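Below is input_33.tsv, holding TSV, C-alpha atoms.
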chain	number	residue	atom	x	y	z
A	3	MET	CA	-6.96	8.09	59.46
A	4	ASN	CA	-9.49	9.76	57.17
A	5	PRO	CA	-12.55	11.25	58.91
A	6	ARG	CA	-15.70	9.21	58.47
A	7	TRP	CA	-18.00	12.23	58.10
A	8	ASP	CA	-17.87	15.46	56.13
A	9	HIS	CA	-19.37	17.81	58.72
A	10	LEU	CA	-20.23	17.75	62.42
A	11	LEU	CA	-22.21	20.35	64.35
A	12	LEU	CA	-21.68	20.39	68.12
A	13	ASP	CA	-23.48	22.06	71.04
A	14	CYS	CA	-26.82	21.88	69.23
A	15	THR	CA	-30.30	22.16	70.66
A	16	LEU	CA	-31.76	19.59	68.28
A	17	ALA	CA	-35.42	19.45	67.36
A	18	THR	CA	-35.21	16.23	65.35
A	19	LEU	CA	-38.94	15.81	64.63
A	20	ALA	CA	-38.21	12.08	64.63
A	21	GLY	CA	-41.09	9.90	65.80
A	22	GLU	CA	-44.82	10.37	65.38
A	23	SER	CA	-45.22	13.25	67.81
A	24	GLY	CA	-43.25	15.78	69.81
A	25	TYR	CA	-40.29	17.90	68.83
A	26	GLY	CA	-37.80	15.10	69.40
A	27	MET	CA	-35.63	17.40	71.53
A	28	VAL	CA	-31.98	16.62	72.21
A	29	GLU	CA	-30.12	19.05	74.45
A	30	HIS	CA	-26.33	19.28	74.09
A	31	GLY	CA	-26.71	17.47	70.81
A	32	ALA	CA	-24.57	16.78	67.78
A	33	LEU	CA	-25.43	16.38	64.12
A	34	GLY	CA	-23.11	14.79	61.56
A	35	TRP	CA	-23.38	13.90	57.90
A	36	ARG	CA	-21.46	12.42	54.99
A	37	ASN	CA	-22.17	12.76	51.28
A	38	GLY	CA	-25.32	14.73	52.03
A	39	VAL	CA	-26.83	12.08	54.31
A	40	ILE	CA	-27.15	12.34	58.09
A	41	THR	CA	-24.94	9.86	59.93
A	42	PHE	CA	-25.50	10.97	63.54
A	43	ALA	CA	-28.21	12.92	65.37
A	44	GLY	CA	-28.13	12.61	69.13
A	45	PRO	CA	-26.45	13.61	72.38
A	46	MET	CA	-22.82	14.66	72.15
A	47	ARG	CA	-21.98	12.16	74.85
A	48	ASP	CA	-22.95	9.33	72.48
A	49	LEU	CA	-20.34	10.24	69.85
A	50	GLU	CA	-18.09	7.22	69.33
A	51	ASP	CA	-14.85	9.16	69.06
A	52	ALA	CA	-13.35	12.60	69.40
A	53	PRO	CA	-15.09	15.08	67.07
A	54	ASP	CA	-11.92	15.84	65.08
A	55	ALA	CA	-11.45	12.14	64.44
A	56	LEU	CA	-15.03	11.77	63.24
A	57	ALA	CA	-15.43	14.63	60.77
A	58	GLY	CA	-13.40	16.74	58.41
A	59	GLN	CA	-15.20	19.91	59.46
A	60	VAL	CA	-16.29	20.42	63.07
A	61	GLU	CA	-17.98	23.50	64.47
A	62	SER	CA	-19.97	24.54	67.51
A	63	VAL	CA	-23.32	26.33	67.15
A	64	HIS	CA	-23.17	27.38	70.82
A	65	GLY	CA	-26.54	26.00	71.86
A	66	ALA	CA	-28.50	27.26	68.85
A	67	LEU	CA	-31.69	25.53	67.76
A	68	VAL	CA	-31.16	23.11	64.87
A	69	THR	CA	-34.11	21.72	62.91
A	70	PRO	CA	-34.67	19.89	59.66
A	71	GLY	CA	-34.70	22.22	56.68
A	72	LEU	CA	-38.21	23.54	56.10
A	73	VAL	CA	-40.38	22.32	53.22
A	74	ASP	CA	-42.78	24.68	51.43
A	75	CYS	CA	-45.07	22.13	49.84
A	76	HIS	CA	-47.49	24.45	47.98
A	77	THR	CA	-46.33	27.47	45.97
A	78	HIS	CA	-47.06	29.22	42.68
A	79	LEU	CA	-43.67	30.89	42.85
A	80	VAL	CA	-42.98	31.18	39.11
A	81	PHE	CA	-44.95	34.02	37.56
A	82	ALA	CA	-44.52	37.45	35.96
A	83	GLY	CA	-45.94	40.75	37.15
A	84	ASP	CA	-48.05	41.33	40.24
A	85	ARG	CA	-51.67	41.99	41.19
A	86	ALA	CA	-51.38	44.80	43.71
A	87	ASP	CA	-54.29	46.57	42.02
A	88	GLU	CA	-56.57	43.63	42.80
A	89	PHE	CA	-55.57	43.92	46.45
A	90	GLU	CA	-56.99	47.43	46.37
A	91	HIS	CA	-60.18	46.25	44.64
A	92	ARG	CA	-60.79	43.59	47.27
A	93	LEU	CA	-60.40	46.17	50.02
A	94	GLN	CA	-63.00	48.26	48.21
A	95	GLY	CA	-65.48	45.41	48.48
A	96	GLU	CA	-65.04	43.36	45.31
A	97	SER	CA	-64.89	39.59	45.82
A	98	TYR	CA	-62.25	37.24	44.43
A	99	GLN	CA	-64.95	35.60	42.29
A	100	THR	CA	-66.11	38.96	40.84
A	101	ILE	CA	-62.56	39.98	39.95
A	102	ALA	CA	-61.91	36.61	38.31
A	103	ARG	CA	-65.09	36.71	36.23
A	104	ALA	CA	-64.18	40.21	35.00
A	105	GLY	CA	-60.92	38.92	33.50
A	106	GLY	CA	-58.70	39.65	36.46
A	107	GLY	CA	-57.39	37.16	38.94
A	108	ILE	CA	-55.47	34.26	37.48
A	109	LEU	CA	-55.96	35.43	33.89
A	110	SER	CA	-54.16	38.74	34.48
A	111	THR	CA	-51.11	36.80	35.64
A	112	VAL	CA	-51.50	34.50	32.63
A	113	ARG	CA	-51.13	37.46	30.28
A	114	ALA	CA	-47.97	38.70	32.00
A	115	THR	CA	-46.43	35.22	32.22
A	116	ARG	CA	-47.09	34.42	28.57
A	117	ALA	CA	-45.40	37.69	27.56
A	118	ALA	CA	-42.24	37.07	29.62
A	119	SER	CA	-39.26	35.29	28.13
A	120	GLU	CA	-37.84	32.31	30.00
A	121	GLN	CA	-34.92	34.42	31.23
A	122	GLU	CA	-37.22	37.25	32.33
A	123	LEU	CA	-39.40	34.77	34.17
A	124	LEU	CA	-36.37	33.33	35.94
A	125	ALA	CA	-35.14	36.81	36.90
A	126	GLN	CA	-38.51	37.69	38.45
A	127	SER	CA	-39.06	34.36	40.20
A	128	ALA	CA	-35.65	33.38	41.60
A	129	PRO	CA	-35.59	36.16	44.24
A	130	ARG	CA	-38.78	34.74	45.74
A	131	ALA	CA	-37.08	31.36	46.12
A	132	ARG	CA	-34.00	33.01	47.64
A	133	ALA	CA	-36.21	34.70	50.24
A	134	LEU	CA	-37.56	31.28	51.26
A	135	LEU	CA	-34.05	29.80	51.38
A	136	ARG	CA	-32.90	32.56	53.74
A	137	GLU	CA	-35.68	31.49	56.10
A	138	GLY	CA	-34.53	27.88	56.26
A	139	VAL	CA	-36.56	26.42	53.37
A	140	THR	CA	-34.59	23.68	51.62
A	141	THR	CA	-37.37	22.05	49.54
A	142	ILE	CA	-39.93	23.98	47.48
A	143	GLU	CA	-42.87	22.79	45.44
A	144	ILE	CA	-43.55	25.02	42.41
A	145	LYS	CA	-46.70	24.75	40.29
A	146	SER	CA	-47.30	25.86	36.73
A	147	GLY	CA	-50.78	27.12	35.88
A	148	TYR	CA	-50.13	30.69	34.73
A	149	GLY	CA	-49.53	29.71	31.13
A	150	LEU	CA	-52.69	27.82	30.22
A	151	ASP	CA	-51.10	26.98	26.89
A	152	LEU	CA	-48.58	24.23	26.41
A	153	ASP	CA	-45.58	26.36	25.50
A	154	THR	CA	-45.92	28.65	28.51
A	155	GLU	CA	-46.63	25.80	30.92
A	156	LEU	CA	-43.45	24.08	29.72
A	157	LYS	CA	-41.57	27.36	30.11
A	158	MET	CA	-42.74	27.70	33.70
A	159	LEU	CA	-41.73	24.15	34.56
A	160	ARG	CA	-38.28	24.65	33.01
A	161	VAL	CA	-37.80	27.84	35.03
A	162	ALA	CA	-38.79	25.99	38.20
A	163	ARG	CA	-36.19	23.31	37.48
A	164	ARG	CA	-33.56	26.01	36.84
A	165	ILE	CA	-34.32	27.67	40.17
A	166	GLY	CA	-33.58	24.40	41.93
A	167	SER	CA	-30.28	23.86	40.17
A	168	GLU	CA	-29.08	27.46	40.47
A	169	LEU	CA	-29.97	27.88	44.17
A	170	GLY	CA	-29.03	24.38	45.26
A	171	VAL	CA	-32.45	23.62	46.73
A	172	THR	CA	-34.79	20.76	45.92
A	173	VAL	CA	-37.64	21.89	43.66
A	174	ARG	CA	-40.60	19.59	43.07
A	175	THR	CA	-42.61	20.67	40.04
A	176	THR	CA	-46.35	20.29	39.57
A	177	LEU	CA	-48.36	20.68	36.36
A	178	LEU	CA	-51.47	22.74	37.11
A	179	GLY	CA	-53.09	22.78	33.69
A	180	LEU	CA	-56.62	22.83	35.12
A	181	HIS	CA	-56.11	26.11	36.99
A	182	ALA	CA	-58.40	28.38	34.99
A	183	LEU	CA	-60.00	28.36	31.57
A	184	PRO	CA	-57.91	30.50	29.19
A	185	PRO	CA	-59.79	33.27	27.37
A	186	GLU	CA	-59.28	31.67	23.96
A	187	SER	CA	-61.04	28.53	25.23
A	188	ARG	CA	-64.01	30.25	26.83
A	189	ASP	CA	-66.40	28.60	24.36
A	190	ARG	CA	-64.34	25.40	23.99
A	191	ARG	CA	-64.18	24.12	27.53
A	192	GLU	CA	-64.33	20.42	26.73
A	193	GLU	CA	-61.65	20.80	24.05
A	194	TYR	CA	-59.33	22.54	26.53
A	195	VAL	CA	-59.72	19.81	29.15
A	196	ALA	CA	-59.03	17.22	26.45
A	197	GLN	CA	-55.86	19.05	25.41
A	198	VAL	CA	-54.56	19.07	28.97
A	199	CYS	CA	-55.30	15.36	29.42
A	200	ASP	CA	-54.33	14.02	26.02
A	201	GLU	CA	-51.52	16.34	24.89
A	202	TRP	CA	-50.01	18.21	27.82
A	203	LEU	CA	-49.78	15.39	30.32
A	204	PRO	CA	-47.98	12.94	27.99
A	205	ARG	CA	-45.59	15.70	26.86
A	206	VAL	CA	-44.74	16.76	30.42
A	207	ALA	CA	-44.37	13.17	31.56
A	208	GLY	CA	-42.17	12.32	28.58
A	209	GLU	CA	-39.86	15.27	29.22
A	210	LYS	CA	-39.87	14.58	32.98
A	211	LEU	CA	-40.73	18.20	33.72
A	212	ALA	CA	-43.39	17.51	36.36
A	213	ASP	CA	-43.30	15.43	39.53
A	214	ALA	CA	-47.07	15.62	40.11
A	215	VAL	CA	-50.36	16.92	38.69
A	216	ASP	CA	-52.73	19.38	40.37
A	217	ALA	CA	-56.09	20.97	39.52
A	218	PHE	CA	-58.38	23.69	40.91
A	219	CYS	CA	-61.70	22.03	41.72
A	220	GLU	CA	-64.11	24.90	42.29
A	221	GLY	CA	-67.19	26.59	40.87
A	222	ILE	CA	-65.06	29.31	39.25
A	223	ALA	CA	-62.57	26.76	37.93
A	224	PHE	CA	-63.11	23.06	37.07
A	225	ALA	CA	-65.83	20.60	37.97
A	226	PRO	CA	-65.16	17.29	39.73
A	227	GLU	CA	-65.82	15.24	36.59
A	228	GLU	CA	-63.24	17.29	34.66
A	229	VAL	CA	-60.70	16.81	37.43
A	230	ARG	CA	-61.37	13.06	37.50
A	231	ARG	CA	-60.60	12.83	33.78
A	232	CYS	CA	-57.31	14.66	34.31
A	233	PHE	CA	-56.35	12.56	37.32
A	234	ARG	CA	-57.12	9.28	35.57
A	235	ARG	CA	-54.74	10.26	32.76
A	236	ALA	CA	-52.09	11.40	35.22
A	237	ARG	CA	-52.17	8.10	37.05
A	238	GLU	CA	-51.96	6.19	33.75
A	239	LEU	CA	-48.74	8.11	33.11
A	240	GLY	CA	-47.37	7.33	36.57
A	241	LEU	CA	-47.76	10.86	37.95
A	242	PRO	CA	-49.13	11.32	41.49
A	243	VAL	CA	-51.86	13.89	42.06
A	244	LYS	CA	-52.85	16.60	44.51
A	245	LEU	CA	-55.76	19.01	44.51
A	246	HIS	CA	-56.84	22.56	45.33
A	247	ALA	CA	-59.90	21.35	47.21
A	248	ASP	CA	-62.92	22.87	48.93
A	249	GLN	CA	-61.50	26.38	49.25
A	250	LEU	CA	-64.66	28.33	48.41
A	251	SER	CA	-67.29	25.58	48.42
A	252	ASP	CA	-67.56	21.87	49.19
A	253	LEU	CA	-67.56	20.08	45.85
A	254	GLY	CA	-66.15	16.95	47.43
A	255	GLY	CA	-62.61	17.84	46.40
A	256	ALA	CA	-60.88	16.34	49.43
A	257	ALA	CA	-62.60	13.00	48.89
A	258	LEU	CA	-61.85	13.22	45.16
A	259	SER	CA	-58.13	13.62	45.81
A	260	ALA	CA	-58.22	10.77	48.29
A	261	SER	CA	-59.98	8.51	45.78
A	262	PHE	CA	-56.90	8.78	43.56
A	263	ALA	CA	-54.53	8.20	46.52
A	264	GLY	CA	-53.69	11.89	46.28
A	265	LEU	CA	-50.53	13.12	47.95
A	266	SER	CA	-52.51	16.01	49.37
A	267	ALA	CA	-55.70	18.03	49.39
A	268	ASP	CA	-54.99	21.73	49.86
A	269	HIS	CA	-56.99	24.66	51.34
A	270	LEU	CA	-59.95	22.66	52.76
A	271	GLU	CA	-61.84	25.55	54.36
A	272	CYS	CA	-65.16	24.05	53.24
A	273	THR	CA	-64.32	20.35	53.59
A	274	GLY	CA	-66.99	18.31	55.36
A	275	ALA	CA	-66.83	15.17	57.45
A	276	ALA	CA	-66.90	12.81	54.46
A	277	GLY	CA	-63.84	14.48	52.96
A	278	VAL	CA	-61.87	14.26	56.20
A	279	GLU	CA	-62.73	10.59	56.61
A	280	ALA	CA	-61.73	9.83	53.02
A	281	MET	CA	-58.37	11.54	53.52
A	282	ALA	CA	-57.76	9.57	56.70
A	283	ARG	CA	-58.41	6.27	54.91
A	284	ALA	CA	-56.18	7.17	51.95
A	285	GLY	CA	-53.32	8.73	53.92
A	286	THR	CA	-53.76	11.98	52.00
A	287	VAL	CA	-52.08	14.98	53.66
A	288	ALA	CA	-54.13	18.09	54.51
A	289	VAL	CA	-52.18	21.16	53.36
A	290	LEU	CA	-53.32	24.26	55.22
A	291	LEU	CA	-52.73	27.63	53.57
A	292	PRO	CA	-53.21	30.46	56.06
A	293	GLY	CA	-51.77	33.07	53.70
A	294	SER	CA	-54.70	32.92	51.29
A	295	PHE	CA	-57.16	32.68	54.20
A	296	TYR	CA	-55.66	35.91	55.54
A	297	ALA	CA	-55.37	37.76	52.22
A	298	LEU	CA	-58.93	36.92	51.19
A	299	ARG	CA	-60.23	37.80	54.67
A	300	GLU	CA	-61.97	34.44	54.91
A	301	THR	CA	-63.90	33.50	58.03
A	302	ARG	CA	-64.58	29.79	57.57
A	303	LEU	CA	-61.78	27.79	59.15
A	304	PRO	CA	-60.50	24.48	57.80
A	305	PRO	CA	-61.72	21.54	59.91
A	306	VAL	CA	-58.60	21.29	62.08
A	307	ASP	CA	-60.32	19.52	64.98
A	308	ALA	CA	-61.76	16.87	62.65
A	309	LEU	CA	-58.39	16.40	60.96
A	310	ARG	CA	-56.81	15.84	64.37
A	311	GLU	CA	-59.56	13.45	65.45
A	312	HIS	CA	-59.11	11.28	62.36
A	313	GLY	CA	-55.33	11.40	62.40
A	314	VAL	CA	-54.95	13.21	59.08
A	315	PRO	CA	-51.41	14.62	58.85
A	316	MET	CA	-51.45	18.40	58.50
A	317	ALA	CA	-48.91	20.38	56.50
A	318	VAL	CA	-48.54	24.16	56.28
A	319	ALA	CA	-47.37	26.08	53.21
A	320	THR	CA	-47.17	29.65	51.92
A	321	ASP	CA	-49.33	29.24	48.78
A	322	LEU	CA	-47.01	31.97	47.47
A	323	ASN	CA	-48.81	33.50	44.48
A	324	PRO	CA	-49.42	36.97	43.06
A	325	GLY	CA	-53.13	37.25	43.74
A	326	THR	CA	-54.44	35.55	46.86
A	327	SER	CA	-51.32	34.83	48.92
A	328	PRO	CA	-48.37	37.12	48.16
A	329	LEU	CA	-46.60	35.54	51.12
A	330	ARG	CA	-42.83	35.11	50.81
A	331	SER	CA	-42.21	33.75	54.31
A	332	LEU	CA	-42.87	30.20	55.45
A	333	ARG	CA	-41.92	31.33	58.95
A	334	LEU	CA	-44.83	33.79	58.88
A	335	ALA	CA	-47.10	31.02	57.55
A	336	ILE	CA	-46.13	29.01	60.65
A	337	ASN	CA	-47.21	31.89	62.88
A	338	MET	CA	-50.44	32.37	60.91
A	339	ALA	CA	-51.27	28.67	61.16
A	340	CYS	CA	-51.03	28.97	64.93
A	341	THR	CA	-52.84	32.29	65.36
A	342	LEU	CA	-55.53	31.85	62.69
A	343	PHE	CA	-56.07	28.07	62.62
A	344	ARG	CA	-55.06	27.32	66.25
A	345	LEU	CA	-52.38	24.80	65.40
A	346	THR	CA	-49.89	24.25	68.17
A	347	PRO	CA	-46.29	25.35	67.48
A	348	GLU	CA	-45.34	21.67	67.34
A	349	GLU	CA	-48.05	20.93	64.77
A	350	ALA	CA	-46.98	23.91	62.69
A	351	LEU	CA	-43.31	22.89	62.73
A	352	ARG	CA	-44.15	19.29	61.87
A	353	GLY	CA	-46.41	20.76	59.18
A	354	THR	CA	-43.44	22.47	57.53
A	355	THR	CA	-41.02	19.56	57.89
A	356	VAL	CA	-42.02	15.90	58.08
A	357	ASN	CA	-45.67	16.33	57.02
A	358	ALA	CA	-44.82	18.79	54.25
A	359	ALA	CA	-42.25	16.33	52.90
A	360	ARG	CA	-44.91	13.62	52.97
A	361	ALA	CA	-47.23	15.92	50.99
A	362	LEU	CA	-44.60	15.86	48.24
A	363	GLY	CA	-44.04	12.11	48.43
A	364	LEU	CA	-40.55	12.61	49.90
A	365	GLY	CA	-39.66	10.16	52.66
A	366	ASP	CA	-35.98	11.07	52.78
A	367	ARG	CA	-36.25	14.39	54.63
A	368	GLY	CA	-38.24	16.36	57.18
A	369	ALA	CA	-36.53	14.89	60.26
A	370	LEU	CA	-33.01	14.77	61.67
A	371	ALA	CA	-32.17	11.07	61.79
A	372	PRO	CA	-29.48	8.80	60.35
A	373	GLY	CA	-30.21	8.01	56.72
A	374	ARG	CA	-32.20	11.19	56.10
A	375	ARG	CA	-31.04	13.88	53.72
A	376	ALA	CA	-28.83	16.50	55.40
A	377	ASP	CA	-31.19	19.43	54.90
A	378	VAL	CA	-30.60	21.46	58.03
A	379	ALA	CA	-31.53	24.88	59.42
A	380	VAL	CA	-29.66	26.55	62.30
A	381	TRP	CA	-31.65	29.30	64.03
A	382	ASP	CA	-30.95	32.26	66.26
A	383	ALA	CA	-33.26	30.65	68.81
A	384	ARG	CA	-33.20	28.19	71.70
A	385	LYS	CA	-36.77	26.80	71.65
A	386	PRO	CA	-38.78	25.44	68.70
A	387	ALA	CA	-41.82	27.50	69.70
A	388	GLU	CA	-39.84	30.64	68.85
A	389	LEU	CA	-40.23	29.80	65.15
A	390	ALA	CA	-43.98	30.25	65.58
A	391	TYR	CA	-43.79	33.01	68.17
A	392	TRP	CA	-41.71	35.76	66.55
A	393	ILE	CA	-43.48	37.86	63.93
A	394	GLY	CA	-41.25	39.53	61.38
A	395	ASP	CA	-37.70	39.09	60.16
A	396	SER	CA	-36.09	36.06	61.75
A	397	PRO	CA	-33.97	34.31	59.12
A	398	ALA	CA	-32.06	31.17	59.78
A	399	SER	CA	-28.43	31.81	60.67
A	400	ARG	CA	-27.20	28.82	58.63
A	401	VAL	CA	-28.87	26.65	56.00
A	402	PHE	CA	-27.52	23.39	54.57
A	403	THR	CA	-29.08	21.57	51.61
A	404	GLY	CA	-27.77	18.09	51.03
A	405	GLY	CA	-25.04	18.90	53.52
A	406	ILE	CA	-23.79	21.96	51.62
A	407	ALA	CA	-23.93	25.41	53.22
A	408	ARG	CA	-26.04	27.86	51.24
A	409	GLY	CA	-25.79	31.63	51.43

Do you think you could lay out the structure here as structure tokens?
Amino acid sequence: MNPRWDHLLLDCTLATLAGESGYGMVEHGALGWRNGVITFAGPMRDLEDAPDALAGQVESVHGALVTPGLVDCHTHLVFAGDRADEFEHRLQGESYQTIARAGGGILSTVRATRAASEQELLAQSAPRARALLREGVTTIEIKSGYGLDLDTELKMLRVARRIGSELGVTVRTTLLGLHALPPESRDRREEYVAQVCDEWLPRVAGEKLADAVDAFCEGIAFAPEEVRRCFRRARELGLPVKLHADQLSDLGGAALSASFAGLSADHLECTGAAGVEAMARAGTVAVLLPGSFYALRETRLPPVDALREHGVPMAVATDLNPGTSPLRSLRLAINMACTLFRLTPEEALRGTTVNAARALGLGDRGALAPGRRADVAVWDARKPAELAYWIGDSPASRVFTGGIARG
């Protein structure tokens, strides 16, 4: 008789994250899948037959912790060069805003990214994705936004797609055309916004290079009315939206994202009560980014208590980027979310699994349950809190994406 499943893990300490709260712990558990989809997640004693009769490949993990594969739902992973010099300038007292207005910040990365060929950009960016994969990340969101011209934005999105196919991870791409005003458009702001809305968005949608649209709504970036114009066009084209919101000031970004049924509003350090309430009504996910909070030495915390009170789902991501969050570890972001933002280890783990998947519009992953995608991380740990507790190198011992082991 042919086995019904492809793979079966035995002797697992399962943290399924199934249900609305809790780790969903199953001691002495088993996890099976077929064709990349989970078929069983529960106690070993509930298996219907002998393991060898159930699956073609059976192995014991000897009590190791098994969780859903992690989801990094906010990164700027594709870029060329670095901005280590700006790190020094900030430590010498210069602010992020001052550096940006002097032509540094995002625009310095724009120059390097425009100059890189597609192959060079892939060679620089893929190792960052591999580092995340080694730490149990099986789904990565990657934004454009360091091209600020159509050709380079398309190049970035193509590289992001290639990373997904070459590494065997899911990559969700996001067009971030309204990230910064390019130098050649300094005196043609309205024309640039029109180009993004009327030329870039239809091209990206037509070539199916982006899964969503983002913008940076801030005093040093784009005003709410400019973002609204972009989001209206995105929705006309069937693209969901998300927003860099209320990081440095409260321009109503969280509520703006919610008004377009945004998948998420991200950063949120300056979000007020109205923004939290709007997100709760719309079901918009709050994406917390402790890496940039740490790197910029911010002191104003996102409104975690208010988000909890209103039942807004909270996700956690690296915000991996060259300037304000050169963070290549989602595991460290989990620890930072707990130590800096006072999330509980359970909230932080849910924030990098089920809630992070929701922030990408993906309902097929983030929990270990029959019918979910077999994205799985096996850890050298016994308790879920260890993923938040240990600081430093603690890679997953095994990672499966769509049921396939990845090295």

Write out as a JSON list (two decimals) with C-alpha atoms, in the coordinates of the input the residues lying within 7 Å of Val28 (chain A), counting only C-alpha atoms and excluding same-chain residues fewer than 2 positions away.
[["chain", "number", "residue", "atom", "x", "y", "z"],
["A", 15, "THR", "CA", -30.30, 22.16, 70.66],
["A", 16, "LEU", "CA", -31.76, 19.59, 68.28],
["A", 17, "ALA", "CA", -35.42, 19.45, 67.36],
["A", 26, "GLY", "CA", -37.80, 15.10, 69.40],
["A", 30, "HIS", "CA", -26.33, 19.28, 74.09],
["A", 31, "GLY", "CA", -26.71, 17.47, 70.81],
["A", 44, "GLY", "CA", -28.13, 12.61, 69.13],
["A", 45, "PRO", "CA", -26.45, 13.61, 72.38]]

Quick one: contact table of region 341-363 of chain A to region 56-77 of chain A, 8 Å max, nearest atom pair and distance in Å to one decimal per residue, counting only C-alpha atoms, chain and number order, as a tab-separated table?
residue	atom	partner	partner_atom	distance
A:Thr354	CA	A:Val73	CA	5.3
A:Thr355	CA	A:Leu72	CA	5.2
A:Ala358	CA	A:Cys75	CA	5.5
A:Ala359	CA	A:Val73	CA	6.3
A:Ala361	CA	A:Cys75	CA	6.7
A:Leu362	CA	A:Cys75	CA	6.5

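When CA of Trp7 (chain A) is paired with CA of Leu169 (chain A), their separation reads 24.1 Å.
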
CA of Phe343 (chain A) to CA of Gly293 (chain A): how many Å, to one decimal?
11.1 Å

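Residues in contact range of Asp268 (chain A), defined as at most 9 Å between only C-alpha atoms, with sequence neighbours fewer than 6 positions away removed, read A:His76, A:Lys244, A:Leu245, A:His246, A:Ala247, A:Asp248, A:Gln249, A:Ala256, A:Val287, A:Ala288, A:Val289, A:Leu290, A:Leu291.
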
File contents for region 272-277 of chain A with all heavy atoms as a PDB file, in the first residue's frame:
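This is the output file selection19.pdb:
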ATOM      1  N   CYS A 272       4.162  56.988  16.416  1.00  0.00           N
ATOM      2  CA  CYS A 272       3.439  58.219  16.734  1.00  0.00           C
ATOM      3  C   CYS A 272       1.931  58.111  16.516  1.00  0.00           C
ATOM      4  O   CYS A 272       1.221  59.119  16.529  1.00  0.00           O
ATOM      5  CB  CYS A 272       4.002  59.374  15.896  1.00  0.00           C
ATOM      6  SG  CYS A 272       5.735  59.737  16.226  1.00  0.00           S
ATOM      7  N   THR A 273       1.426  56.907  16.324  1.00  0.00           N
ATOM      8  CA  THR A 273      -0.002  56.725  16.059  1.00  0.00           C
ATOM      9  C   THR A 273      -0.835  57.049  17.300  1.00  0.00           C
ATOM     10  O   THR A 273      -0.540  56.590  18.401  1.00  0.00           O
ATOM     11  CB  THR A 273      -0.285  55.275  15.631  1.00  0.00           C
ATOM     12  OG1 THR A 273       0.420  55.017  14.410  1.00  0.00           O
ATOM     13  CG2 THR A 273      -1.768  55.036  15.410  1.00  0.00           C
ATOM     14  N   GLY A 274      -1.884  57.832  17.099  1.00  0.00           N
ATOM     15  CA  GLY A 274      -2.782  58.196  18.183  1.00  0.00           C
ATOM     16  C   GLY A 274      -3.989  57.282  18.270  1.00  0.00           C
ATOM     17  O   GLY A 274      -4.134  56.310  17.508  1.00  0.00           O
ATOM     18  N   ALA A 275      -4.883  57.624  19.178  1.00  0.00           N
ATOM     19  CA  ALA A 275      -6.046  56.784  19.447  1.00  0.00           C
ATOM     20  C   ALA A 275      -6.924  56.600  18.208  1.00  0.00           C
ATOM     21  O   ALA A 275      -7.436  55.501  17.958  1.00  0.00           O
ATOM     22  CB  ALA A 275      -6.860  57.378  20.588  1.00  0.00           C
ATOM     23  N   ALA A 276      -7.103  57.659  17.424  1.00  0.00           N
ATOM     24  CA  ALA A 276      -7.968  57.561  16.245  1.00  0.00           C
ATOM     25  C   ALA A 276      -7.420  56.552  15.241  1.00  0.00           C
ATOM     26  O   ALA A 276      -8.173  55.792  14.615  1.00  0.00           O
ATOM     27  CB  ALA A 276      -8.116  58.927  15.587  1.00  0.00           C
ATOM     28  N   GLY A 277      -6.097  56.524  15.088  1.00  0.00           N
ATOM     29  CA  GLY A 277      -5.493  55.572  14.171  1.00  0.00           C
ATOM     30  C   GLY A 277      -5.668  54.138  14.624  1.00  0.00           C
ATOM     31  O   GLY A 277      -5.969  53.249  13.819  1.00  0.00           O
TER      32      GLY A 277
END
